Structure formats: C-alpha cells, structure tokens
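This is structure-v8.cif (mmCIF, C-alpha atoms and all ligand atoms).
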data_entry
loop_
_atom_site.label_atom_id
_atom_site.label_comp_id
_atom_site.auth_asym_id
_atom_site.auth_seq_id
_atom_site.Cartn_x
_atom_site.Cartn_y
_atom_site.Cartn_z
CA MET A 20 90.26 93.12 107.10
CA ARG A 21 93.52 91.41 108.11
CA GLU A 22 93.11 87.68 108.63
CA PRO A 23 93.42 86.78 112.34
CA TYR A 24 96.88 85.39 113.08
CA GLY A 25 97.88 85.80 109.39
CA ARG A 26 101.26 87.28 110.28
CA GLU A 27 101.95 84.54 112.86
CA ARG A 28 101.07 81.86 110.34
CA THR A 29 103.44 83.34 107.75
CA ARG A 30 106.19 83.41 110.36
CA MET A 31 105.48 79.76 111.21
CA LEU A 32 105.88 78.83 107.54
CA GLU A 33 109.15 80.72 107.14
CA GLU A 34 110.88 80.07 110.45
CA HIS A 35 109.62 76.68 111.55
CA LEU A 36 108.92 74.93 108.27
CA ARG A 37 110.88 76.32 105.29
CA ALA A 38 113.97 77.17 107.34
CA ARG A 39 114.00 73.62 108.74
CA GLY A 40 113.79 71.96 105.35
CA ILE A 41 110.10 71.44 104.57
CA ARG A 42 110.02 71.91 100.80
CA HIS A 43 106.97 70.19 99.30
CA PRO A 44 104.84 73.02 97.80
CA ARG A 45 101.52 71.26 98.40
CA VAL A 46 102.41 70.57 102.04
CA LEU A 47 103.43 74.21 102.58
CA GLU A 48 100.24 75.35 100.85
CA ALA A 49 98.12 73.12 103.10
CA MET A 50 99.93 74.36 106.22
CA ALA A 51 99.40 77.94 105.03
CA SER A 52 95.69 77.42 104.50
CA VAL A 53 94.66 75.84 107.83
CA PRO A 54 93.82 78.22 110.70
CA ARG A 55 95.72 76.38 113.44
CA HIS A 56 94.51 78.84 116.09
CA ARG A 57 90.99 77.41 115.67
CA PHE A 58 92.23 73.92 116.65
CA VAL A 59 93.86 74.84 119.97
CA PRO A 60 92.04 75.65 123.24
CA ALA A 61 91.10 79.34 123.46
CA GLY A 62 93.67 80.02 126.20
CA ALA A 63 96.49 78.67 124.02
CA ARG A 64 95.67 80.75 120.92
CA PRO A 65 98.53 83.22 121.38
CA HIS A 66 100.90 80.22 121.08
CA ALA A 67 99.08 78.48 118.23
CA TYR A 68 101.82 79.22 115.67
CA ALA A 69 104.81 78.64 117.94
CA ASP A 70 106.71 75.47 117.12
CA ARG A 71 105.52 73.46 120.08
CA ALA A 72 102.93 70.88 120.99
CA LEU A 73 99.98 72.29 122.95
CA PRO A 74 97.61 70.60 125.41
CA LEU A 75 94.13 69.46 124.36
CA ARG A 76 91.37 68.16 126.62
CA HIS A 77 91.67 64.63 128.10
CA ARG A 78 95.46 65.02 128.53
CA GLN A 79 96.06 64.77 124.80
CA THR A 80 98.14 67.11 122.61
CA ILE A 81 98.15 68.81 119.24
CA SER A 82 101.58 68.16 117.70
CA GLN A 83 104.02 70.95 116.93
CA PRO A 84 103.73 72.43 113.41
CA TYR A 85 107.14 71.14 112.27
CA ILE A 86 106.23 67.55 113.13
CA VAL A 87 102.85 67.86 111.39
CA ALA A 88 104.57 69.19 108.26
CA PHE A 89 107.39 66.62 108.45
CA MET A 90 104.97 63.69 108.77
CA THR A 91 102.75 65.03 106.00
CA GLU A 92 105.73 65.47 103.68
CA ALA A 93 107.04 61.98 104.52
CA LEU A 94 103.60 60.52 103.75
CA ASP A 95 103.85 61.78 100.15
CA VAL A 96 100.09 62.06 99.68
CA GLY A 97 98.68 62.30 96.15
CA PRO A 98 95.26 63.54 94.99
CA SER A 99 93.98 60.02 94.28
CA HIS A 100 94.97 58.65 97.70
CA ARG A 101 92.68 57.31 100.37
CA VAL A 102 94.34 58.04 103.69
CA LEU A 103 93.70 56.46 107.09
CA GLU A 104 94.60 58.70 110.03
CA VAL A 105 94.79 57.24 113.55
CA GLY A 106 94.42 59.84 116.34
CA THR A 107 92.16 62.67 115.16
CA GLY A 108 92.85 64.73 118.30
CA SER A 109 92.00 68.35 117.51
CA GLY A 110 91.49 67.61 113.79
CA TYR A 111 94.41 69.87 112.77
CA GLN A 112 96.44 67.15 111.05
CA THR A 113 93.22 65.96 109.39
CA ALA A 114 92.68 69.47 108.00
CA VAL A 115 96.23 69.49 106.59
CA LEU A 116 95.81 66.06 104.98
CA ALA A 117 92.35 66.64 103.50
CA PRO A 118 93.29 69.06 100.67
CA LEU A 119 96.14 66.74 99.61
CA ALA A 120 94.13 63.51 99.44
CA LYS A 121 91.00 62.14 97.82
CA GLU A 122 89.56 61.01 101.14
CA VAL A 123 90.70 60.94 104.75
CA TYR A 124 89.35 58.30 107.15
CA THR A 125 90.09 59.44 110.67
CA ILE A 126 89.73 57.44 113.90
CA GLU A 127 89.86 58.77 117.45
CA ARG A 128 89.28 56.77 120.63
CA ILE A 129 87.93 59.72 122.68
CA GLY A 130 84.40 60.56 121.51
CA ASP A 131 84.47 64.09 122.95
CA LEU A 132 87.60 65.02 120.94
CA GLN A 133 86.21 63.40 117.78
CA ARG A 134 82.99 65.38 118.14
CA SER A 135 84.64 68.78 118.45
CA ALA A 136 87.15 68.03 115.67
CA ARG A 137 84.30 67.01 113.40
CA GLU A 138 82.22 70.09 114.22
CA LEU A 139 85.15 72.39 113.47
CA LEU A 140 86.16 70.64 110.23
CA GLU A 141 82.55 70.77 109.04
CA GLU A 142 82.31 74.45 109.96
CA LEU A 143 85.51 75.10 107.98
CA GLY A 144 83.94 73.30 105.00
CA VAL A 145 86.36 70.35 104.81
CA PRO A 146 84.26 67.88 102.80
CA ASN A 147 86.33 64.71 102.21
CA VAL A 148 86.68 63.30 105.74
CA ARG A 149 85.00 60.25 107.31
CA TYR A 150 84.98 59.97 111.07
CA ARG A 151 84.99 57.04 113.45
CA VAL A 152 85.24 56.70 117.21
CA GLY A 153 87.17 53.57 118.19
CA ASN A 154 90.50 51.84 118.46
CA GLY A 155 92.51 52.98 115.47
CA ALA A 156 95.17 50.32 116.10
CA LEU A 157 92.65 47.94 114.53
CA GLY A 158 92.33 50.16 111.45
CA TRP A 159 89.08 50.46 109.50
CA PRO A 160 88.78 47.12 107.68
CA GLU A 161 85.57 48.04 105.80
CA HIS A 162 87.46 50.73 103.86
CA ALA A 163 90.84 49.01 103.50
CA PRO A 164 93.22 48.93 101.73
CA PHE A 165 94.57 52.44 102.22
CA ASP A 166 97.20 54.11 100.03
CA ARG A 167 98.52 55.95 103.05
CA ILE A 168 98.26 55.48 106.82
CA LEU A 169 99.34 58.12 109.33
CA VAL A 170 99.45 57.31 113.03
CA THR A 171 99.76 60.30 115.35
CA ALA A 172 100.18 58.44 118.66
CA GLY A 173 103.23 56.46 119.80
CA ALA A 174 102.97 52.66 119.38
CA PRO A 175 105.14 49.99 121.07
CA ALA A 176 105.24 48.18 117.70
CA VAL A 177 103.60 48.59 114.30
CA PRO A 178 100.07 47.12 114.71
CA ASP A 179 99.57 44.09 112.45
CA ALA A 180 96.07 45.23 111.47
CA LEU A 181 97.49 48.47 110.06
CA LYS A 182 100.22 46.62 108.14
CA ARG A 183 97.57 44.38 106.60
CA GLN A 184 95.35 47.35 105.68
CA LEU A 185 98.14 49.11 103.81
CA SER A 186 97.76 48.86 100.03
CA PRO A 187 100.00 46.06 98.65
CA ASP A 188 100.59 48.31 95.67
CA GLY A 189 103.11 50.77 97.14
CA GLY A 190 101.19 51.64 100.32
CA LEU A 191 103.07 53.85 102.77
CA MET A 192 102.56 54.29 106.52
CA VAL A 193 104.22 56.80 108.83
CA ILE A 194 104.07 55.89 112.51
CA PRO A 195 105.94 56.73 115.74
CA VAL A 196 107.28 53.50 117.28
CA GLY A 197 109.09 53.06 120.58
CA ASP A 198 108.60 53.21 124.33
CA ALA A 199 106.26 55.56 126.19
CA ASP A 200 108.85 58.36 126.56
CA LEU A 201 110.59 58.36 123.22
CA GLN A 202 109.80 57.02 119.80
CA GLU A 203 111.18 57.00 116.30
CA LEU A 204 109.10 58.09 113.37
CA VAL A 205 109.22 55.20 110.91
CA ALA A 206 108.13 54.97 107.27
CA ILE A 207 106.78 51.54 106.30
CA THR A 208 106.36 50.73 102.62
CA ARG A 209 104.43 47.74 101.34
CA ALA A 210 105.03 45.95 98.01
CA GLY A 211 102.87 42.81 97.78
CA ALA A 212 103.66 40.64 100.81
CA ALA A 213 106.85 42.56 101.67
CA TRP A 214 107.08 45.45 104.13
CA THR A 215 110.19 47.59 104.44
CA SER A 216 110.88 50.02 107.24
CA GLU A 217 112.96 53.20 107.26
CA PRO A 218 113.70 55.29 110.38
CA LEU A 219 113.08 59.01 109.90
CA LEU A 220 113.31 61.07 113.08
CA GLY A 221 113.23 60.87 116.88
CA CYS A 222 109.96 62.12 118.35
CA ARG A 223 107.68 62.05 121.37
CA PHE A 224 103.94 61.39 121.09
CA VAL A 225 101.18 60.52 123.55
CA PRO A 226 100.63 56.75 123.61
CA LEU A 227 98.56 54.74 121.16
CA VAL A 228 96.14 53.09 123.58
CA GLY A 229 94.25 49.83 123.22
CA ALA A 230 94.50 46.46 121.52
CA GLU A 231 97.77 46.07 119.62
CA GLY A 232 98.72 49.49 121.01
CA ARG A 233 99.63 50.08 124.66
N1 LIG A 301 96.85 64.66 115.07
C1 LIG A 301 96.24 65.28 116.20
C2 LIG A 301 96.05 66.76 116.01
O1 LIG A 301 96.41 67.30 114.94
O2 LIG A 301 95.50 67.39 116.92
C3 LIG A 301 97.02 65.05 117.47
C4 LIG A 301 96.95 63.65 117.90
S1 LIG A 301 97.38 63.38 119.58
C5 LIG A 301 99.12 63.55 119.56
C6 LIG A 301 97.08 61.63 119.62
C7 LIG A 301 95.64 61.25 119.59
O3 LIG A 301 95.56 59.84 119.42
C8 LIG A 301 94.88 61.58 120.86
O4 LIG A 301 93.76 62.35 120.56
C9 LIG A 301 94.49 60.21 121.40
O5 LIG A 301 93.25 60.20 122.08
C10 LIG A 301 94.45 59.39 120.14
N2 LIG A 301 94.61 57.94 120.35
C11 LIG A 301 95.43 57.28 121.19
N3 LIG A 301 95.29 55.96 121.04
C12 LIG A 301 94.35 55.77 120.07
C13 LIG A 301 93.77 54.62 119.47
N4 LIG A 301 94.12 53.38 119.81
N5 LIG A 301 92.84 54.81 118.50
C14 LIG A 301 92.47 56.06 118.12
N6 LIG A 301 92.98 57.18 118.66
C15 LIG A 301 93.92 57.04 119.62
#

Show me this structure written as structure tokens.
Ligand code: SAM
Amino acid sequence: MREPYGRERTRMLEEHLRARGIRHPRVLEAMASVPRHRFVPAGARPHAYADRALPLRHRQTISQPYIVAFMTEALDVGPSHRVLEVGTGSGYQTAVLAPLAKEVYTIERIGDLQRSARELLEELGVPNVRYRVGNGALGWPEHAPFDRILVTAGAPAVPDALKRQLSPDGGLMVIPVGDADLQELVAITRAGAAWTSEPLLGCRFVPLVGAEGR
C-alpha cells in the first residue's frame, strides 16, 4: 500500500529543502522519515508538506519545513550528542532531532501540547526523548551541560541560563533572537568561558515566554 502523503513528502524534500540548499544527508534522511502530517491538526493535513508554518492549539505554530531543516542542519548534531530543545510544540522538530542525536531533552511550557507531542512520539516509537513541562528559558540544569541547544521560540536576548548550560567543549546553540515581530536566527558557540555568535537568517517565531524570555 502507498504510504499516506509519501508523494507530498518527496516533493517537500526536493522543492523546499534540496532546491533551497539543504544538503546534509542525515538531515534530509530524518526529514524524509518523519510523517509531518501526523503532527499537524487534522484540518491542516492537506497542507502538511507545503513550505509554511501551520497553526497548533493554544495559538502556537509548527514551523515551516525549510526552517526546521535549516535549523537542524545549522545545529550539526552528531550521534553522541545530548540535545536540549526548548519549545516542543507539536513534537515535529523533536522527531527530526531524535534520530540524529543520542538523547533529546525537550521542554514545553504548555502542558496540553507537551502531552499530545509525547503521546504521538511514543506511538511512533521514538525512544530517546525526555520530556518536561516548564520554562525552557531556564534550561534543564539537572542534565546540563548539553552539546547542542535548539530554541524554537523567539527570545529578546539569549537567556543566560542556556548559555551556561551549553557544553564548554564546543557546545553549539541555535536560537531566534530579536523583537516580537522579527528575529534573527543566531548560532552561538562556546569554547571554555568564551561565547561567539554568528547571525544566520531572518525569521519569525512565536515568542519565548517567561523568565529571561518575554
Ligand atoms: N518546534 C515545534 C514544532 O516542531 O512543532 C514548534 C515550536 S513553536 C514555534 C514554539 C513553542 O515554544 C510553542 O509550543 C510554545 O508554547 C513554546 N514556548 C514558548 N515559550 C516557552 C518557554 N519559555 N519554555 C518552553 N516552551 C516555550
């Protein structure tokens, strides 16, 4: 039997990812393996593989496929990496990160979203994810340091707690920083007590809410 939305997913890979410069084979493989239509509300399924953000419950969004792939590629995740993700949302980005990493620690402030993301990821058999409901701007100190940190909500500034929880041994964080309407995706690298920052791409995310966030 043909896989549901298989043709749409292939088109997403070719037209929205490869054609726009996403090259990393493991990132493309992960994007090819995750059934994005399962992570969007039922009414939005016909648009699941279009290159656009779609609405979730609680006025949140699932990011467009190109941005998910771009952020994942920029994060340069290796199989030994422990990754902190802030903003679980639908769980789609989590599902893309999980096969690339050793473990993903994901935090979401809205319990209802966290619950349904967790249920779906467990149903899909994604084993290496730990879940927490709370303010991700404070990180997850019990499991720090992290090799990689990915923030999928827009922050006014890089939260200090996340900088501190980045591994001093080449830790890398990708985070949208800016005002409420427009942010820049920034890559922050840590070497010992030094952090360097590189701008990557203009973007627009829902706000990172709470202490150290908005
Ligand atoms: N990556 C998600 C996906 O694939 O569906 C989309 C994330 S959505 C753009 C941003 C998410 O960040 C929302 O679910 C929102 O509730 C969450 N969020 C905002 N501020 C947060 C905070 N301080 N801590 C944890 N989650 C937060």

Compile a residue-level contact table for chain A against ligand LIG 301 (chain A) at a cut-off of 6 Å, reporting for every qualifying residue the shortest atom pair and its distance in Å to one decimal, with all atoms listed in the file counted, rows ordered by chain and ascending number, as a Markdown table.
| residue | atom | partner | partner_atom | distance |
| --- | --- | --- | --- | --- |
| A:Gln79 | CA | A:LIG301 | C8 | 5.2 |
| A:Thr80 | CA | A:LIG301 | C5 | 4.8 |
| A:Ile81 | CA | A:LIG301 | O2 | 3.8 |
| A:Ser82 | CA | A:LIG301 | C3 | 5.5 |
| A:Val105 | CA | A:LIG301 | C14 | 5.3 |
| A:Gly106 | CA | A:LIG301 | O3 | 3.3 |
| A:Thr107 | CA | A:LIG301 | C1 | 5.0 |
| A:Gly108 | CA | A:LIG301 | O4 | 3.4 |
| A:Ser109 | CA | A:LIG301 | O2 | 3.7 |
| A:Gly110 | CA | A:LIG301 | O1 | 5.1 |
| A:Tyr111 | CA | A:LIG301 | O1 | 3.9 |
| A:Gln112 | CA | A:LIG301 | O1 | 3.9 |
| A:Ile126 | CA | A:LIG301 | C14 | 5.2 |
| A:Glu127 | CA | A:LIG301 | N6 | 3.7 |
| A:Arg128 | CA | A:LIG301 | C14 | 4.1 |
| A:Ile129 | CA | A:LIG301 | O5 | 5.4 |
| A:Gly153 | CA | A:LIG301 | N5 | 5.8 |
| A:Asn154 | CA | A:LIG301 | N5 | 3.8 |
| A:Gly155 | CA | A:LIG301 | N5 | 3.6 |
| A:Ala156 | CA | A:LIG301 | N4 | 4.9 |
| A:Thr171 | CA | A:LIG301 | C4 | 5.1 |
| A:Ala172 | CA | A:LIG301 | C6 | 4.6 |
| A:Phe224 | CA | A:LIG301 | C5 | 5.5 |
| A:Val225 | CA | A:LIG301 | C5 | 5.4 |
| A:Pro226 | CA | A:LIG301 | C11 | 5.8 |
| A:Leu227 | CA | A:LIG301 | N3 | 3.5 |
| A:Val228 | CA | A:LIG301 | N3 | 3.9 |
| A:Gly229 | CA | A:LIG301 | N4 | 4.9 |

Could you work out how far atom CA of Gly130 of chain A lies from atom CA of Met192 of chain A, giving the answer in Å with one decimal?
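So the two atoms, atom CA of Met192 of chain A and atom CA of Gly130 of chain A, lie 24.4 Å apart.
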
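By chain and then residue number, the residues within 10 Å of Trp159 of chain A are Leu103, Glu104, Val105, Tyr124, Thr125, Ile126, Arg151, Gly153, Asn154, Pro164, Phe165, Ala180, Leu181 and Gln184 of chain A, counting all atoms listed in the file and disregarding those fewer than 5 positions away in sequence.
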
Kindly save the residues from that selection, with C-alpha atoms included, as a CSV table (one decimal), in the coordinates of the input.
chain,number,residue,atom,x,y,z
A,103,LEU,CA,93.7,56.5,107.1
A,104,GLU,CA,94.6,58.7,110.0
A,105,VAL,CA,94.8,57.2,113.6
A,124,TYR,CA,89.4,58.3,107.2
A,125,THR,CA,90.1,59.4,110.7
A,126,ILE,CA,89.7,57.4,113.9
A,151,ARG,CA,85.0,57.0,113.4
A,153,GLY,CA,87.2,53.6,118.2
A,154,ASN,CA,90.5,51.8,118.5
A,164,PRO,CA,93.2,48.9,101.7
A,165,PHE,CA,94.6,52.4,102.2
A,180,ALA,CA,96.1,45.2,111.5
A,181,LEU,CA,97.5,48.5,110.1
A,184,GLN,CA,95.4,47.4,105.7

Box dimensions and centre (Å, one decimal) enclosing segment 95-113 of chain A, axis-aligned, 5 Å extra per side, as AutoDock Vina command-line options:
--center_x 97.7 --center_y 63.2 --center_z 106.3 --size_x 22.4 --size_y 23.4 --size_z 34.0

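Distance check against Ala199 of chain A using all atoms listed in the file: of A:Asp70, A:Arg223, A:Tyr85, A:Leu139, the minimum falls on A:Arg223.
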
Quick one, how far is atom CA of Ser216 of chain A from atom CA of Gly158 of chain A?
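We find that atom CA of Ser216 of chain A and atom CA of Gly158 of chain A lie 19.0 Å from each other.
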
Can you pull out every residue within 12 Å of Thr215 of chain A, counting only C-alpha atoms, but drop anything in the same chain fewer than 2 positions away, and send it as a list in words?
Val177, Lys182, Pro187, Gly189, Gly190, Leu191, Met192, Val193, Val205, Ala206, Ile207, Thr208, Arg209, Ala210, Gly211, Ala212, Ala213, Glu217 and Pro218 of chain A

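Atom CA of Ser186 of chain A lies 28.6 Å from atom CA of Gly40 of chain A.
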
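Proximity ranking of A:Ala49, A:Arg30, A:Pro44, A:Ser99 relative to Ala69 of chain A places A:Arg30 first, based on all atoms listed in the file.
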
How would segment 155-166 of chain A look with all heavy atoms restored, written as a PDB file, in the frame of the given file?
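Result file is part26.pdb:
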ATOM      1  N   GLY A 155      91.883  52.862 116.781  1.00  0.00           N
ATOM      2  CA  GLY A 155      92.510  52.980 115.470  1.00  0.00           C
ATOM      3  C   GLY A 155      93.625  51.981 115.228  1.00  0.00           C
ATOM      4  O   GLY A 155      94.025  51.770 114.080  1.00  0.00           O
ATOM      5  N   ALA A 156      94.138  51.344 116.300  1.00  0.00           N
ATOM      6  CA  ALA A 156      95.170  50.320 116.100  1.00  0.00           C
ATOM      7  C   ALA A 156      94.610  49.134 115.332  1.00  0.00           C
ATOM      8  O   ALA A 156      95.367  48.334 114.777  1.00  0.00           O
ATOM      9  CB  ALA A 156      95.723  49.864 117.451  1.00  0.00           C
ATOM     10  N   LEU A 157      93.290  49.032 115.297  1.00  0.00           N
ATOM     11  CA  LEU A 157      92.650  47.940 114.530  1.00  0.00           C
ATOM     12  C   LEU A 157      92.326  48.390 113.113  1.00  0.00           C
ATOM     13  O   LEU A 157      91.792  47.608 112.319  1.00  0.00           O
ATOM     14  CB  LEU A 157      91.360  47.493 115.250  1.00  0.00           C
ATOM     15  CG  LEU A 157      91.558  47.027 116.698  1.00  0.00           C
ATOM     16  CD1 LEU A 157      90.218  46.717 117.354  1.00  0.00           C
ATOM     17  CD2 LEU A 157      92.476  45.809 116.730  1.00  0.00           C
ATOM     18  N   GLY A 158      92.596  49.640 112.795  1.00  0.00           N
ATOM     19  CA  GLY A 158      92.330  50.160 111.450  1.00  0.00           C
ATOM     20  C   GLY A 158      90.839  50.302 111.196  1.00  0.00           C
ATOM     21  O   GLY A 158      90.027  50.417 112.127  1.00  0.00           O
ATOM     22  N   TRP A 159      90.491  50.308 109.909  1.00  0.00           N
ATOM     23  CA  TRP A 159      89.080  50.460 109.500  1.00  0.00           C
ATOM     24  C   TRP A 159      88.872  49.487 108.339  1.00  0.00           C
ATOM     25  O   TRP A 159      88.893  49.882 107.170  1.00  0.00           O
ATOM     26  CB  TRP A 159      88.844  51.914 109.070  1.00  0.00           C
ATOM     27  CG  TRP A 159      87.427  52.364 109.003  1.00  0.00           C
ATOM     28  CD1 TRP A 159      86.317  51.597 108.791  1.00  0.00           C
ATOM     29  CD2 TRP A 159      86.961  53.719 109.137  1.00  0.00           C
ATOM     30  NE1 TRP A 159      85.192  52.386 108.799  1.00  0.00           N
ATOM     31  CE2 TRP A 159      85.555  53.684 109.002  1.00  0.00           C
ATOM     32  CE3 TRP A 159      87.588  54.946 109.340  1.00  0.00           C
ATOM     33  CZ2 TRP A 159      84.777  54.855 109.056  1.00  0.00           C
ATOM     34  CZ3 TRP A 159      86.823  56.092 109.394  1.00  0.00           C
ATOM     35  CH2 TRP A 159      85.427  56.038 109.265  1.00  0.00           C
ATOM     36  N   PRO A 160      88.718  48.179 108.701  1.00  0.00           N
ATOM     37  CA  PRO A 160      88.780  47.120 107.680  1.00  0.00           C
ATOM     38  C   PRO A 160      87.779  47.317 106.543  1.00  0.00           C
ATOM     39  O   PRO A 160      88.081  46.976 105.393  1.00  0.00           O
ATOM     40  CB  PRO A 160      88.462  45.841 108.455  1.00  0.00           C
ATOM     41  CG  PRO A 160      88.521  46.184 109.895  1.00  0.00           C
ATOM     42  CD  PRO A 160      88.501  47.669 110.046  1.00  0.00           C
ATOM     43  N   GLU A 161      86.600  47.880 106.851  1.00  0.00           N
ATOM     44  CA  GLU A 161      85.570  48.040 105.800  1.00  0.00           C
ATOM     45  C   GLU A 161      86.052  48.913 104.654  1.00  0.00           C
ATOM     46  O   GLU A 161      85.530  48.819 103.541  1.00  0.00           O
ATOM     47  CB  GLU A 161      84.291  48.667 106.369  1.00  0.00           C
ATOM     48  CG  GLU A 161      83.607  47.870 107.462  1.00  0.00           C
ATOM     49  CD  GLU A 161      84.150  48.185 108.859  1.00  0.00           C
ATOM     50  OE1 GLU A 161      85.348  48.521 108.985  1.00  0.00           O
ATOM     51  OE2 GLU A 161      83.373  48.070 109.814  1.00  0.00           O
ATOM     52  N   HIS A 162      87.002  49.804 104.915  1.00  0.00           N
ATOM     53  CA  HIS A 162      87.460  50.730 103.860  1.00  0.00           C
ATOM     54  C   HIS A 162      88.872  50.434 103.386  1.00  0.00           C
ATOM     55  O   HIS A 162      89.415  51.174 102.573  1.00  0.00           O
ATOM     56  CB  HIS A 162      87.352  52.175 104.352  1.00  0.00           C
ATOM     57  CG  HIS A 162      85.941  52.605 104.568  1.00  0.00           C
ATOM     58  ND1 HIS A 162      85.062  52.783 103.531  1.00  0.00           N
ATOM     59  CD2 HIS A 162      85.239  52.838 105.704  1.00  0.00           C
ATOM     60  CE1 HIS A 162      83.883  53.137 104.021  1.00  0.00           C
ATOM     61  NE2 HIS A 162      83.962  53.166 105.333  1.00  0.00           N
ATOM     62  N   ALA A 163      89.477  49.360 103.911  1.00  0.00           N
ATOM     63  CA  ALA A 163      90.840  49.010 103.500  1.00  0.00           C
ATOM     64  C   ALA A 163      90.803  48.415 102.077  1.00  0.00           C
ATOM     65  O   ALA A 163      89.752  47.928 101.656  1.00  0.00           O
ATOM     66  CB  ALA A 163      91.408  48.004 104.489  1.00  0.00           C
ATOM     67  N   PRO A 164      91.903  48.427 101.332  1.00  0.00           N
ATOM     68  CA  PRO A 164      93.220  48.930 101.730  1.00  0.00           C
ATOM     69  C   PRO A 164      93.350  50.437 101.551  1.00  0.00           C
ATOM     70  O   PRO A 164      92.624  51.047 100.767  1.00  0.00           O
ATOM     71  CB  PRO A 164      94.149  48.189 100.748  1.00  0.00           C
ATOM     72  CG  PRO A 164      93.331  48.020  99.508  1.00  0.00           C
ATOM     73  CD  PRO A 164      91.924  47.820  99.979  1.00  0.00           C
ATOM     74  N   PHE A 165      94.298  50.999 102.289  1.00  0.00           N
ATOM     75  CA  PHE A 165      94.570  52.440 102.220  1.00  0.00           C
ATOM     76  C   PHE A 165      95.903  52.677 101.506  1.00  0.00           C
ATOM     77  O   PHE A 165      96.863  51.932 101.713  1.00  0.00           O
ATOM     78  CB  PHE A 165      94.632  53.024 103.633  1.00  0.00           C
ATOM     79  CG  PHE A 165      93.321  52.897 104.360  1.00  0.00           C
ATOM     80  CD1 PHE A 165      93.099  51.862 105.261  1.00  0.00           C
ATOM     81  CD2 PHE A 165      92.295  53.800 104.128  1.00  0.00           C
ATOM     82  CE1 PHE A 165      91.879  51.725 105.910  1.00  0.00           C
ATOM     83  CE2 PHE A 165      91.066  53.674 104.777  1.00  0.00           C
ATOM     84  CZ  PHE A 165      90.861  52.640 105.665  1.00  0.00           C
ATOM     85  N   ASP A 166      95.934  53.738 100.697  1.00  0.00           N
ATOM     86  CA  ASP A 166      97.200  54.110 100.030  1.00  0.00           C
ATOM     87  C   ASP A 166      98.203  54.652 101.027  1.00  0.00           C
ATOM     88  O   ASP A 166      99.415  54.492 100.858  1.00  0.00           O
ATOM     89  CB  ASP A 166      96.929  55.188  98.966  1.00  0.00           C
ATOM     90  CG  ASP A 166      95.895  54.730  97.962  1.00  0.00           C
ATOM     91  OD1 ASP A 166      96.189  53.771  97.222  1.00  0.00           O
ATOM     92  OD2 ASP A 166      94.767  55.301  97.943  1.00  0.00           O
TER      93      ASP A 166
END
